[in-house]
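A.B. asks: Contents of protein.cif (mmCIF, N, CA and C atoms) are given next:
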data_input
#
loop_
_atom_site.label_atom_id
_atom_site.label_comp_id
_atom_site.auth_asym_id
_atom_site.auth_seq_id
_atom_site.Cartn_x
_atom_site.Cartn_y
_atom_site.Cartn_z
N MET A 1 -3.95 4.35 -2.67
CA MET A 1 -3.27 4.18 -1.39
C MET A 1 -2.54 2.84 -1.38
N PRO A 2 -1.36 2.78 -0.80
CA PRO A 2 -0.64 1.51 -0.74
C PRO A 2 -1.44 0.43 -0.03
N ALA A 3 -0.98 -0.81 -0.20
CA ALA A 3 -1.70 -1.95 0.36
C ALA A 3 -1.72 -1.92 1.88
N PHE A 4 -0.90 -1.13 2.51
CA PHE A 4 -0.91 -1.01 3.96
C PHE A 4 -0.50 0.41 4.31
N SER A 5 -0.62 0.80 5.57
CA SER A 5 -0.51 2.22 5.91
C SER A 5 0.82 2.66 6.50
N PHE A 6 1.90 1.93 6.25
CA PHE A 6 3.20 2.35 6.78
C PHE A 6 4.29 2.19 5.73
N LEU A 7 5.28 3.06 5.81
CA LEU A 7 6.47 2.93 4.97
C LEU A 7 7.38 1.96 5.70
N VAL A 8 7.40 0.72 5.28
CA VAL A 8 8.13 -0.33 5.99
C VAL A 8 9.29 -0.84 5.15
N PRO A 9 10.34 -1.38 5.80
CA PRO A 9 11.51 -1.87 5.07
C PRO A 9 11.25 -3.07 4.18
N ALA A 10 10.24 -3.88 4.51
CA ALA A 10 9.96 -5.08 3.70
C ALA A 10 8.46 -5.39 3.75
N ILE A 11 8.00 -6.05 2.70
CA ILE A 11 6.61 -6.48 2.61
C ILE A 11 6.61 -7.98 2.33
N MET A 12 5.94 -8.74 3.18
CA MET A 12 5.76 -10.16 2.92
C MET A 12 4.44 -10.31 2.17
N VAL A 13 4.51 -10.88 0.97
CA VAL A 13 3.32 -11.09 0.16
C VAL A 13 3.03 -12.59 0.18
N LEU A 14 1.88 -12.94 0.71
CA LEU A 14 1.50 -14.34 0.81
C LEU A 14 0.26 -14.61 -0.02
N GLY A 15 0.34 -15.64 -0.86
CA GLY A 15 -0.81 -16.08 -1.63
C GLY A 15 -1.50 -17.20 -0.86
N ILE A 16 -2.73 -16.99 -0.50
CA ILE A 16 -3.48 -17.96 0.31
C ILE A 16 -4.57 -18.56 -0.56
N HIS A 17 -4.64 -19.89 -0.58
CA HIS A 17 -5.68 -20.55 -1.36
C HIS A 17 -6.93 -20.76 -0.52
N THR A 18 -8.02 -20.15 -0.94
CA THR A 18 -9.33 -20.40 -0.35
C THR A 18 -10.30 -20.57 -1.52
N GLY A 19 -10.05 -21.57 -2.33
CA GLY A 19 -10.77 -21.70 -3.60
C GLY A 19 -10.05 -20.88 -4.64
N ASP A 20 -10.13 -19.55 -4.53
CA ASP A 20 -9.34 -18.64 -5.36
C ASP A 20 -8.14 -18.22 -4.54
N LYS A 21 -7.06 -17.87 -5.23
CA LYS A 21 -5.89 -17.39 -4.49
C LYS A 21 -6.14 -15.93 -4.09
N THR A 22 -6.00 -15.64 -2.82
CA THR A 22 -6.07 -14.27 -2.34
C THR A 22 -4.70 -13.90 -1.79
N TYR A 23 -4.44 -12.64 -1.64
CA TYR A 23 -3.12 -12.18 -1.21
C TYR A 23 -3.21 -11.35 0.06
N GLN A 24 -2.24 -11.54 0.91
CA GLN A 24 -2.11 -10.75 2.12
C GLN A 24 -0.77 -10.02 2.05
N TYR A 25 -0.74 -8.81 2.53
CA TYR A 25 0.47 -7.99 2.52
C TYR A 25 0.82 -7.68 3.97
N LEU A 26 1.96 -8.19 4.43
CA LEU A 26 2.34 -8.03 5.83
C LEU A 26 3.60 -7.17 5.93
N PRO A 27 3.54 -6.08 6.69
CA PRO A 27 4.74 -5.28 6.88
C PRO A 27 5.75 -6.00 7.77
N VAL A 28 7.04 -5.93 7.42
CA VAL A 28 8.10 -6.58 8.18
C VAL A 28 9.22 -5.57 8.39
N ALA A 29 9.82 -5.59 9.59
CA ALA A 29 10.81 -4.59 9.99
C ALA A 29 12.15 -4.71 9.26
N ARG A 30 12.50 -5.92 8.80
CA ARG A 30 13.79 -6.12 8.13
C ARG A 30 13.60 -7.09 6.96
N ALA A 31 14.23 -6.77 5.83
CA ALA A 31 14.12 -7.64 4.65
C ALA A 31 14.66 -9.04 4.94
N ARG A 32 15.78 -9.12 5.65
CA ARG A 32 16.38 -10.41 5.98
C ARG A 32 15.44 -11.25 6.84
N GLN A 33 14.77 -10.60 7.80
CA GLN A 33 13.82 -11.29 8.67
C GLN A 33 12.64 -11.82 7.85
N CYS A 34 12.21 -11.04 6.89
CA CYS A 34 11.11 -11.44 6.03
C CYS A 34 11.48 -12.72 5.26
N GLU A 35 12.67 -12.74 4.66
CA GLU A 35 13.12 -13.93 3.91
C GLU A 35 13.21 -15.15 4.82
N MET A 36 13.71 -14.95 6.06
CA MET A 36 13.79 -16.07 7.01
C MET A 36 12.40 -16.61 7.34
N ASN A 37 11.43 -15.71 7.52
CA ASN A 37 10.06 -16.14 7.84
C ASN A 37 9.47 -16.97 6.71
N VAL A 38 9.65 -16.52 5.47
CA VAL A 38 9.12 -17.26 4.32
C VAL A 38 9.81 -18.62 4.23
N SER A 39 11.13 -18.66 4.40
CA SER A 39 11.86 -19.93 4.36
C SER A 39 11.36 -20.90 5.42
N GLN A 40 11.11 -20.40 6.63
CA GLN A 40 10.60 -21.25 7.70
C GLN A 40 9.21 -21.79 7.38
N MET A 41 8.37 -20.95 6.79
CA MET A 41 7.02 -21.41 6.43
C MET A 41 7.09 -22.48 5.34
N VAL A 42 8.00 -22.31 4.38
CA VAL A 42 8.15 -23.28 3.30
C VAL A 42 8.72 -24.59 3.85
N SER A 43 9.80 -24.50 4.63
CA SER A 43 10.42 -25.72 5.16
C SER A 43 9.50 -26.44 6.15
N GLY A 44 8.63 -25.71 6.82
CA GLY A 44 7.69 -26.32 7.76
C GLY A 44 6.45 -26.89 7.07
N GLY A 45 6.33 -26.68 5.76
CA GLY A 45 5.19 -27.22 5.03
C GLY A 45 3.94 -26.36 5.10
N PHE A 46 4.07 -25.14 5.63
CA PHE A 46 2.90 -24.27 5.76
C PHE A 46 2.63 -23.48 4.49
N LEU A 47 3.63 -23.43 3.59
CA LEU A 47 3.54 -22.57 2.43
C LEU A 47 4.33 -23.17 1.28
N ASP A 48 3.75 -23.17 0.10
CA ASP A 48 4.46 -23.58 -1.11
C ASP A 48 5.34 -22.40 -1.53
N ARG A 49 6.57 -22.64 -1.96
CA ARG A 49 7.52 -21.56 -2.26
C ARG A 49 6.96 -20.52 -3.23
N GLY A 50 6.17 -20.92 -4.16
CA GLY A 50 5.60 -19.98 -5.12
C GLY A 50 4.50 -19.10 -4.56
N TYR A 51 4.16 -19.28 -3.28
CA TYR A 51 3.06 -18.53 -2.69
C TYR A 51 3.51 -17.53 -1.63
N GLY A 52 4.80 -17.33 -1.49
CA GLY A 52 5.28 -16.36 -0.52
C GLY A 52 6.57 -15.71 -0.99
N ILE A 53 6.58 -14.38 -1.02
CA ILE A 53 7.79 -13.66 -1.39
C ILE A 53 7.96 -12.46 -0.48
N CYS A 54 9.18 -11.96 -0.45
CA CYS A 54 9.49 -10.75 0.30
C CYS A 54 9.93 -9.67 -0.66
N LEU A 55 9.42 -8.48 -0.45
CA LEU A 55 9.82 -7.34 -1.26
C LEU A 55 10.59 -6.37 -0.38
N ASP A 56 11.81 -6.07 -0.76
CA ASP A 56 12.63 -5.09 -0.05
C ASP A 56 12.27 -3.72 -0.61
N THR A 57 11.66 -2.88 0.21
CA THR A 57 11.18 -1.58 -0.26
C THR A 57 12.27 -0.52 -0.30
N GLY A 58 13.38 -0.76 0.43
CA GLY A 58 14.45 0.21 0.48
C GLY A 58 14.27 1.27 1.55
N PHE A 59 13.16 1.25 2.27
CA PHE A 59 12.98 2.22 3.35
C PHE A 59 13.88 1.85 4.52
N PRO A 60 14.40 2.85 5.22
CA PRO A 60 15.28 2.57 6.37
C PRO A 60 14.59 1.72 7.42
N GLU A 61 15.38 0.90 8.11
CA GLU A 61 14.81 0.02 9.13
C GLU A 61 14.32 0.77 10.35
N HIS A 62 14.85 1.94 10.59
CA HIS A 62 14.47 2.67 11.80
C HIS A 62 13.90 4.04 11.44
N LEU A 63 12.62 4.05 11.09
CA LEU A 63 11.91 5.31 10.86
C LEU A 63 11.09 5.61 12.10
N ASP A 64 10.99 6.89 12.48
CA ASP A 64 10.12 7.15 13.61
C ASP A 64 8.67 7.03 13.15
N ALA A 65 7.79 6.69 14.07
CA ALA A 65 6.41 6.34 13.74
C ALA A 65 5.68 7.45 13.00
N GLN A 66 5.96 8.71 13.33
CA GLN A 66 5.26 9.81 12.66
C GLN A 66 5.66 9.89 11.19
N LYS A 67 6.93 9.67 10.87
CA LYS A 67 7.39 9.75 9.49
C LYS A 67 6.93 8.55 8.67
N SER A 68 6.73 7.42 9.32
CA SER A 68 6.42 6.21 8.56
C SER A 68 4.93 6.03 8.29
N SER A 69 4.08 6.75 9.01
CA SER A 69 2.65 6.61 8.81
C SER A 69 2.23 7.41 7.59
N LEU A 70 1.50 6.77 6.70
CA LEU A 70 1.02 7.47 5.50
C LEU A 70 -0.24 8.24 5.84
N GLY A 71 -0.17 9.53 5.65
CA GLY A 71 -1.34 10.37 5.87
C GLY A 71 -1.86 10.89 4.54
N GLU A 72 -2.73 11.87 4.63
CA GLU A 72 -3.33 12.44 3.43
C GLU A 72 -2.28 13.03 2.50
N ASN A 73 -1.23 13.61 3.05
CA ASN A 73 -0.20 14.27 2.25
C ASN A 73 1.11 13.49 2.28
N ALA A 74 1.03 12.18 2.27
CA ALA A 74 2.23 11.34 2.33
C ALA A 74 3.14 11.62 1.14
N GLN A 75 4.44 11.65 1.41
CA GLN A 75 5.41 11.90 0.37
C GLN A 75 6.16 10.61 0.06
N VAL A 76 5.53 9.74 -0.69
CA VAL A 76 6.11 8.46 -1.08
C VAL A 76 6.95 8.71 -2.34
N PRO A 77 8.24 8.33 -2.31
CA PRO A 77 9.12 8.58 -3.46
C PRO A 77 8.72 7.80 -4.72
N TRP A 78 8.38 6.52 -4.59
CA TRP A 78 8.04 5.65 -5.71
C TRP A 78 6.86 4.78 -5.36
N TYR A 79 6.09 4.41 -6.36
CA TYR A 79 5.02 3.43 -6.20
C TYR A 79 5.26 2.27 -7.16
N LEU A 80 5.08 1.07 -6.67
CA LEU A 80 5.02 -0.10 -7.52
C LEU A 80 3.52 -0.37 -7.69
N VAL A 81 3.03 -0.19 -8.89
CA VAL A 81 1.61 -0.41 -9.18
C VAL A 81 1.53 -1.73 -9.94
N ALA A 82 0.78 -2.68 -9.40
CA ALA A 82 0.71 -4.00 -10.01
C ALA A 82 -0.69 -4.57 -9.88
N MET A 83 -1.13 -5.25 -10.94
CA MET A 83 -2.41 -5.94 -10.87
C MET A 83 -2.15 -7.34 -10.31
N ILE A 84 -2.64 -7.55 -9.11
CA ILE A 84 -2.47 -8.83 -8.43
C ILE A 84 -3.87 -9.35 -8.10
N ASN A 85 -4.17 -10.54 -8.59
CA ASN A 85 -5.49 -11.15 -8.36
C ASN A 85 -6.62 -10.22 -8.80
N ASN A 86 -6.45 -9.62 -9.98
CA ASN A 86 -7.45 -8.74 -10.59
C ASN A 86 -7.74 -7.46 -9.82
N GLU A 87 -6.83 -7.06 -8.96
CA GLU A 87 -6.95 -5.79 -8.25
C GLU A 87 -5.63 -5.06 -8.33
N TYR A 88 -5.69 -3.74 -8.54
CA TYR A 88 -4.45 -2.97 -8.55
C TYR A 88 -4.01 -2.72 -7.12
N GLU A 89 -2.74 -2.99 -6.88
CA GLU A 89 -2.13 -2.71 -5.58
C GLU A 89 -1.10 -1.60 -5.78
N TYR A 90 -1.00 -0.73 -4.81
CA TYR A 90 -0.07 0.39 -4.84
C TYR A 90 0.88 0.21 -3.67
N LEU A 91 2.09 -0.22 -3.95
CA LEU A 91 3.05 -0.53 -2.90
C LEU A 91 4.10 0.59 -2.83
N ALA A 92 4.26 1.17 -1.66
CA ALA A 92 5.22 2.26 -1.46
C ALA A 92 6.65 1.73 -1.52
N MET A 93 7.49 2.39 -2.32
CA MET A 93 8.89 2.03 -2.46
C MET A 93 9.75 3.28 -2.25
N ASN A 94 10.97 3.07 -1.76
CA ASN A 94 11.84 4.20 -1.44
C ASN A 94 12.63 4.73 -2.64
N ASP A 95 12.94 3.87 -3.61
CA ASP A 95 13.75 4.31 -4.74
C ASP A 95 13.51 3.40 -5.95
N GLU A 96 14.04 3.82 -7.08
CA GLU A 96 13.82 3.09 -8.32
C GLU A 96 14.42 1.69 -8.28
N GLN A 97 15.60 1.56 -7.71
CA GLN A 97 16.28 0.26 -7.64
C GLN A 97 15.43 -0.78 -6.91
N HIS A 98 14.90 -0.41 -5.74
CA HIS A 98 14.08 -1.36 -4.96
C HIS A 98 12.73 -1.61 -5.64
N CYS A 99 12.19 -0.59 -6.28
CA CYS A 99 10.92 -0.76 -6.99
C CYS A 99 11.09 -1.74 -8.15
N THR A 100 12.13 -1.55 -8.93
CA THR A 100 12.37 -2.42 -10.08
C THR A 100 12.66 -3.86 -9.64
N ALA A 101 13.45 -4.03 -8.59
CA ALA A 101 13.76 -5.38 -8.09
C ALA A 101 12.49 -6.05 -7.57
N SER A 102 11.62 -5.31 -6.88
CA SER A 102 10.38 -5.87 -6.36
C SER A 102 9.43 -6.23 -7.50
N LEU A 103 9.37 -5.38 -8.51
CA LEU A 103 8.53 -5.66 -9.67
C LEU A 103 8.99 -6.95 -10.35
N THR A 104 10.30 -7.07 -10.55
CA THR A 104 10.86 -8.27 -11.18
C THR A 104 10.53 -9.52 -10.39
N LYS A 105 10.62 -9.43 -9.07
CA LYS A 105 10.32 -10.58 -8.21
C LYS A 105 8.84 -10.97 -8.30
N LEU A 106 7.96 -9.98 -8.25
CA LEU A 106 6.52 -10.27 -8.36
C LEU A 106 6.20 -10.95 -9.69
N VAL A 107 6.82 -10.48 -10.77
CA VAL A 107 6.56 -11.06 -12.09
C VAL A 107 7.14 -12.46 -12.19
N SER A 108 8.37 -12.65 -11.71
CA SER A 108 9.03 -13.95 -11.84
C SER A 108 8.31 -15.05 -11.05
N TYR A 109 7.63 -14.69 -9.97
CA TYR A 109 6.87 -15.68 -9.19
C TYR A 109 5.39 -15.73 -9.61
N ASN A 110 5.08 -15.07 -10.72
CA ASN A 110 3.72 -15.08 -11.28
C ASN A 110 2.65 -14.51 -10.34
N PHE A 111 3.01 -13.52 -9.54
CA PHE A 111 2.03 -12.86 -8.70
C PHE A 111 1.26 -11.80 -9.48
N VAL A 112 1.83 -11.33 -10.60
CA VAL A 112 1.26 -10.23 -11.36
C VAL A 112 0.50 -10.78 -12.56
N SER A 113 -0.70 -10.26 -12.79
CA SER A 113 -1.49 -10.64 -13.96
C SER A 113 -0.80 -10.13 -15.22
N SER A 114 -0.94 -10.89 -16.31
CA SER A 114 -0.39 -10.48 -17.60
C SER A 114 -1.52 -10.22 -18.57
N GLY A 115 -1.22 -9.37 -19.56
CA GLY A 115 -2.21 -9.05 -20.58
C GLY A 115 -2.64 -10.31 -21.33
N LEU A 116 -3.91 -10.42 -21.59
CA LEU A 116 -4.47 -11.61 -22.23
C LEU A 116 -3.85 -11.86 -23.60
N PHE A 117 -3.66 -10.81 -24.38
CA PHE A 117 -3.14 -10.98 -25.73
C PHE A 117 -1.65 -10.62 -25.82
N SER A 118 -1.24 -9.59 -25.10
CA SER A 118 0.15 -9.14 -25.22
C SER A 118 1.10 -9.95 -24.36
N GLY A 119 0.61 -10.51 -23.26
CA GLY A 119 1.48 -11.22 -22.33
C GLY A 119 2.32 -10.30 -21.47
N THR A 120 2.15 -9.00 -21.62
CA THR A 120 2.92 -8.02 -20.84
C THR A 120 2.36 -7.96 -19.41
N PRO A 121 3.23 -8.06 -18.41
CA PRO A 121 2.75 -7.97 -17.03
C PRO A 121 2.15 -6.59 -16.73
N TYR A 122 1.06 -6.60 -15.98
CA TYR A 122 0.42 -5.35 -15.57
C TYR A 122 1.10 -4.85 -14.30
N ALA A 123 2.27 -4.27 -14.47
CA ALA A 123 3.01 -3.72 -13.33
C ALA A 123 3.95 -2.64 -13.83
N ILE A 124 4.12 -1.61 -13.02
CA ILE A 124 4.98 -0.49 -13.41
C ILE A 124 5.49 0.20 -12.15
N CYS A 125 6.68 0.79 -12.25
CA CYS A 125 7.21 1.63 -11.18
C CYS A 125 6.97 3.09 -11.57
N ILE A 126 6.44 3.85 -10.64
CA ILE A 126 6.13 5.25 -10.89
C ILE A 126 6.88 6.13 -9.90
N ASN A 127 7.61 7.10 -10.45
CA ASN A 127 8.34 8.07 -9.64
C ASN A 127 7.38 9.18 -9.25
N ALA A 128 7.13 9.33 -7.95
CA ALA A 128 6.22 10.37 -7.47
C ALA A 128 6.91 11.71 -7.29
N GLY A 129 8.24 11.74 -7.43
CA GLY A 129 8.97 13.00 -7.40
C GLY A 129 9.45 13.45 -6.03
N PHE A 130 9.10 12.71 -4.99
CA PHE A 130 9.56 13.08 -3.66
C PHE A 130 10.92 12.43 -3.40
N PRO A 131 11.74 13.03 -2.56
CA PRO A 131 13.06 12.45 -2.30
C PRO A 131 12.96 11.14 -1.52
N SER A 132 13.92 10.24 -1.79
CA SER A 132 14.00 9.00 -1.03
C SER A 132 14.37 9.29 0.40
N LEU A 133 13.93 8.42 1.30
CA LEU A 133 14.26 8.59 2.72
C LEU A 133 15.62 7.95 2.99
N LYS A 134 16.39 8.58 3.81
CA LYS A 134 17.73 8.07 4.14
C LYS A 134 17.70 7.29 5.42
#
Could you express the structure from this file as structure tokens?
C.D. replies:
Amino acid sequence: MPAFSFLVPAIMVLGIHTGDKTYQYLPVARARQCEMNVSQMVSGGFLDRGYGICLDTGFPEHLDAQKSSLGENAQVPWYLVAMINNEYEYLAMNDEQHCTASLTKLVSYNFVSSGLFSGTPYAICINAGFPSLK
């Protein structure tokens, strides 16, 4: 199941230090708003830039609540599966382009664990076969 229960346009991923780094996944209505929030937290000194990123999922900004809620038979077009803080997270994505861009962002900010010997990031985009939402 994805890290949260809605198909949302953006996900704010925050790394919080409490001895070990833990991660919070916050749904955001607009990708641009998400980026502004992270920038404000960084400029205000509440967050180090490497500890907050926004992922644009590609889902439309205006989905009705019934379509956006993930139920037992949810039809998610793509999943970004990534090992973050030694746990696999399943993030719902609308299409391959947004999934790949989000994966690249997670890896470039070192949010994704890498293989001990291979150095390959433990992250992949998976096509679930359902159509993207318009």
A.B. asks: Return as a list of chain:residue names the set of residues that the PyMOL selection byres ((chain A and resi 78) around 7) yields on the displayed structure.
C.D. replies: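 Given this file, the PyMOL selection byres ((chain A and resi 78) around 7) evaluates to A:Gln75, A:Val76, A:Pro77, A:Tyr79, A:Leu80, A:Leu91, A:Ala92, A:Met93, A:Asn94, A:Asp95, A:Glu96, A:Cys125, A:Ile126, A:Asn127, A:Ala128, A:Gly129, A:Phe130.
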A.B. asks: Would you put the residues from that selection into a file with N, CA and C atoms, as a short mmCIF file (atom, residue, chain, number, x, y, z; two decimals), keeping the file's coordinate frame?
C.D. replies:
data_model
loop_
_atom_site.label_atom_id
_atom_site.label_comp_id
_atom_site.auth_asym_id
_atom_site.auth_seq_id
_atom_site.Cartn_x
_atom_site.Cartn_y
_atom_site.Cartn_z
N GLN A 75 4.44 11.65 1.41
CA GLN A 75 5.41 11.90 0.37
C GLN A 75 6.16 10.61 0.06
N VAL A 76 5.53 9.74 -0.69
CA VAL A 76 6.11 8.46 -1.08
C VAL A 76 6.95 8.71 -2.34
N PRO A 77 8.24 8.33 -2.31
CA PRO A 77 9.12 8.58 -3.46
C PRO A 77 8.72 7.80 -4.72
N TYR A 79 6.09 4.41 -6.36
CA TYR A 79 5.02 3.43 -6.20
C TYR A 79 5.26 2.27 -7.16
N LEU A 80 5.08 1.07 -6.67
CA LEU A 80 5.02 -0.10 -7.52
C LEU A 80 3.52 -0.37 -7.69
N LEU A 91 2.09 -0.22 -3.95
CA LEU A 91 3.05 -0.53 -2.90
C LEU A 91 4.10 0.59 -2.83
N ALA A 92 4.26 1.17 -1.66
CA ALA A 92 5.22 2.26 -1.46
C ALA A 92 6.65 1.73 -1.52
N MET A 93 7.49 2.39 -2.32
CA MET A 93 8.89 2.03 -2.46
C MET A 93 9.75 3.28 -2.25
N ASN A 94 10.97 3.07 -1.76
CA ASN A 94 11.84 4.20 -1.44
C ASN A 94 12.63 4.73 -2.64
N ASP A 95 12.94 3.87 -3.61
CA ASP A 95 13.75 4.31 -4.74
C ASP A 95 13.51 3.40 -5.95
N GLU A 96 14.04 3.82 -7.08
CA GLU A 96 13.82 3.09 -8.32
C GLU A 96 14.42 1.69 -8.28
N CYS A 125 6.68 0.79 -12.25
CA CYS A 125 7.21 1.63 -11.18
C CYS A 125 6.97 3.09 -11.57
N ILE A 126 6.44 3.85 -10.64
CA ILE A 126 6.13 5.25 -10.89
C ILE A 126 6.88 6.13 -9.90
N ASN A 127 7.61 7.10 -10.45
CA ASN A 127 8.34 8.07 -9.64
C ASN A 127 7.38 9.18 -9.25
N ALA A 128 7.13 9.33 -7.95
CA ALA A 128 6.22 10.37 -7.47
C ALA A 128 6.91 11.71 -7.29
N GLY A 129 8.24 11.74 -7.43
CA GLY A 129 8.97 13.00 -7.40
C GLY A 129 9.45 13.45 -6.03
N PHE A 130 9.10 12.71 -4.99
CA PHE A 130 9.56 13.08 -3.66
C PHE A 130 10.92 12.43 -3.40
#
A.B. asks: List every residue of region 47-109 of chain A that DSSP, applied to the backbone, labels as strand (DSSP E), and write the result as a CSV table (one decimal) with N, CA and C atoms, in the coordinates of the input.
C.D. replies:
chain,number,residue,atom,x,y,z
A,52,GLY,N,4.8,-17.3,-1.5
A,52,GLY,CA,5.3,-16.4,-0.5
A,52,GLY,C,6.6,-15.7,-1.0
A,53,ILE,N,6.6,-14.4,-1.0
A,53,ILE,CA,7.8,-13.7,-1.4
A,53,ILE,C,8.0,-12.5,-0.5
A,54,CYS,N,9.2,-12.0,-0.4
A,54,CYS,CA,9.5,-10.8,0.3
A,54,CYS,C,9.9,-9.7,-0.7
A,55,LEU,N,9.4,-8.5,-0.4
A,55,LEU,CA,9.8,-7.3,-1.3
A,55,LEU,C,10.6,-6.4,-0.4
A,56,ASP,N,11.8,-6.1,-0.8
A,56,ASP,CA,12.6,-5.1,0.0
A,56,ASP,C,12.3,-3.7,-0.6
A,78,TRP,N,8.4,6.5,-4.6
A,78,TRP,CA,8.0,5.6,-5.7
A,78,TRP,C,6.9,4.8,-5.4
A,79,TYR,N,6.1,4.4,-6.4
A,79,TYR,CA,5.0,3.4,-6.2
A,79,TYR,C,5.3,2.3,-7.2
A,80,LEU,N,5.1,1.1,-6.7
A,80,LEU,CA,5.0,-0.1,-7.5
A,80,LEU,C,3.5,-0.4,-7.7
A,81,VAL,N,3.0,-0.2,-8.9
A,81,VAL,CA,1.6,-0.4,-9.2
A,81,VAL,C,1.5,-1.7,-9.9
A,82,ALA,N,0.8,-2.7,-9.4
A,82,ALA,CA,0.7,-4.0,-10.0
A,82,ALA,C,-0.7,-4.6,-9.9
A,83,MET,N,-1.1,-5.2,-10.9
A,83,MET,CA,-2.4,-5.9,-10.9
A,83,MET,C,-2.2,-7.3,-10.3
A,84,ILE,N,-2.6,-7.6,-9.1
A,84,ILE,CA,-2.5,-8.8,-8.4
A,84,ILE,C,-3.9,-9.4,-8.1
A,87,GLU,N,-6.8,-7.1,-9.0
A,87,GLU,CA,-7.0,-5.8,-8.2
A,87,GLU,C,-5.6,-5.1,-8.3
A,88,TYR,N,-5.7,-3.7,-8.5
A,88,TYR,CA,-4.4,-3.0,-8.6
A,88,TYR,C,-4.0,-2.7,-7.1
A,89,GLU,N,-2.7,-3.0,-6.9
A,89,GLU,CA,-2.1,-2.7,-5.6
A,89,GLU,C,-1.1,-1.6,-5.8
A,90,TYR,N,-1.0,-0.7,-4.8
A,90,TYR,CA,-0.1,0.4,-4.8
A,90,TYR,C,0.9,0.2,-3.7
A,91,LEU,N,2.1,-0.2,-4.0
A,91,LEU,CA,3.0,-0.5,-2.9
A,91,LEU,C,4.1,0.6,-2.8
A,92,ALA,N,4.3,1.2,-1.7
A,92,ALA,CA,5.2,2.3,-1.5
A,92,ALA,C,6.6,1.7,-1.5
A,93,MET,N,7.5,2.4,-2.3
A,93,MET,CA,8.9,2.0,-2.5
A,93,MET,C,9.8,3.3,-2.2
A.B. asks: One decimal, Å: what's the distance from CA of Thr120 (chain A) over to atom C of Pro27 (chain A), could you say?
C.D. replies: 28.8 Å
A.B. asks: So for region 23-42 of chain A, what box centre and size do we get, axis-aligned, 8 Å extra on each of the six sides, every listed atom, Å to one decimal, as AutoDock Vina command-line options?
C.D. replies:
--center_x 6.0 --center_y -14.6 --center_z 4.2 --size_x 36.8 --size_y 36.0 --size_z 27.6
A.B. asks: So that I can see what lies close to Asn110 (chain A), please list as a VMD selection string the residues with an atom at most 8 Å from it, counting all atoms listed in the file and leaving out residues fewer than 5 positions away in the same chain.
C.D. replies: chain A and resid 50 84 104 to 105
A.B. asks: Those selected residues, please, written with N, CA and C atoms and delivered as a PDB file, in the coordinates of the input.
C.D. replies:
ATOM      1  N   GLY A  50       6.170 -20.920  -4.160  1.00  0.00           N
ATOM      2  CA  GLY A  50       5.600 -19.980  -5.120  1.00  0.00           C
ATOM      3  C   GLY A  50       4.500 -19.100  -4.560  1.00  0.00           C
ATOM      4  N   ILE A  84      -2.640  -7.550  -9.110  1.00  0.00           N
ATOM      5  CA  ILE A  84      -2.470  -8.830  -8.430  1.00  0.00           C
ATOM      6  C   ILE A  84      -3.870  -9.350  -8.100  1.00  0.00           C
ATOM      7  N   THR A 104      10.300  -7.070 -10.550  1.00  0.00           N
ATOM      8  CA  THR A 104      10.860  -8.270 -11.180  1.00  0.00           C
ATOM      9  C   THR A 104      10.530  -9.520 -10.390  1.00  0.00           C
ATOM     10  N   LYS A 105      10.620  -9.430  -9.070  1.00  0.00           N
ATOM     11  CA  LYS A 105      10.320 -10.580  -8.210  1.00  0.00           C
ATOM     12  C   LYS A 105       8.840 -10.970  -8.300  1.00  0.00           C
TER      13      LYS A 105
END
A.B. asks: What is the atom C of Thr57 (chain A) to atom N of Val13 (chain A) distance in Å?
C.D. replies: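 Atom-to-atom, atom C of Thr57 (chain A) to atom N of Val13 (chain A), that is 13.0 Å.
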A.B. asks: Have a look at A:Leu106, A:Ala10, A:Val81, A:Cys54 and name the one nearest to Ala29 (chain A); count all atoms listed in the file.
C.D. replies: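 Of all the options, A:Ala10 lies closest to Ala29 (chain A).
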A.B. asks: Grab the atom C of Ala101 (chain A) to CA of Gly44 (chain A) distance for me, in Å with one decimal place.
C.D. replies: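 CA of Gly44 (chain A) lies 25.9 Å from atom C of Ala101 (chain A).
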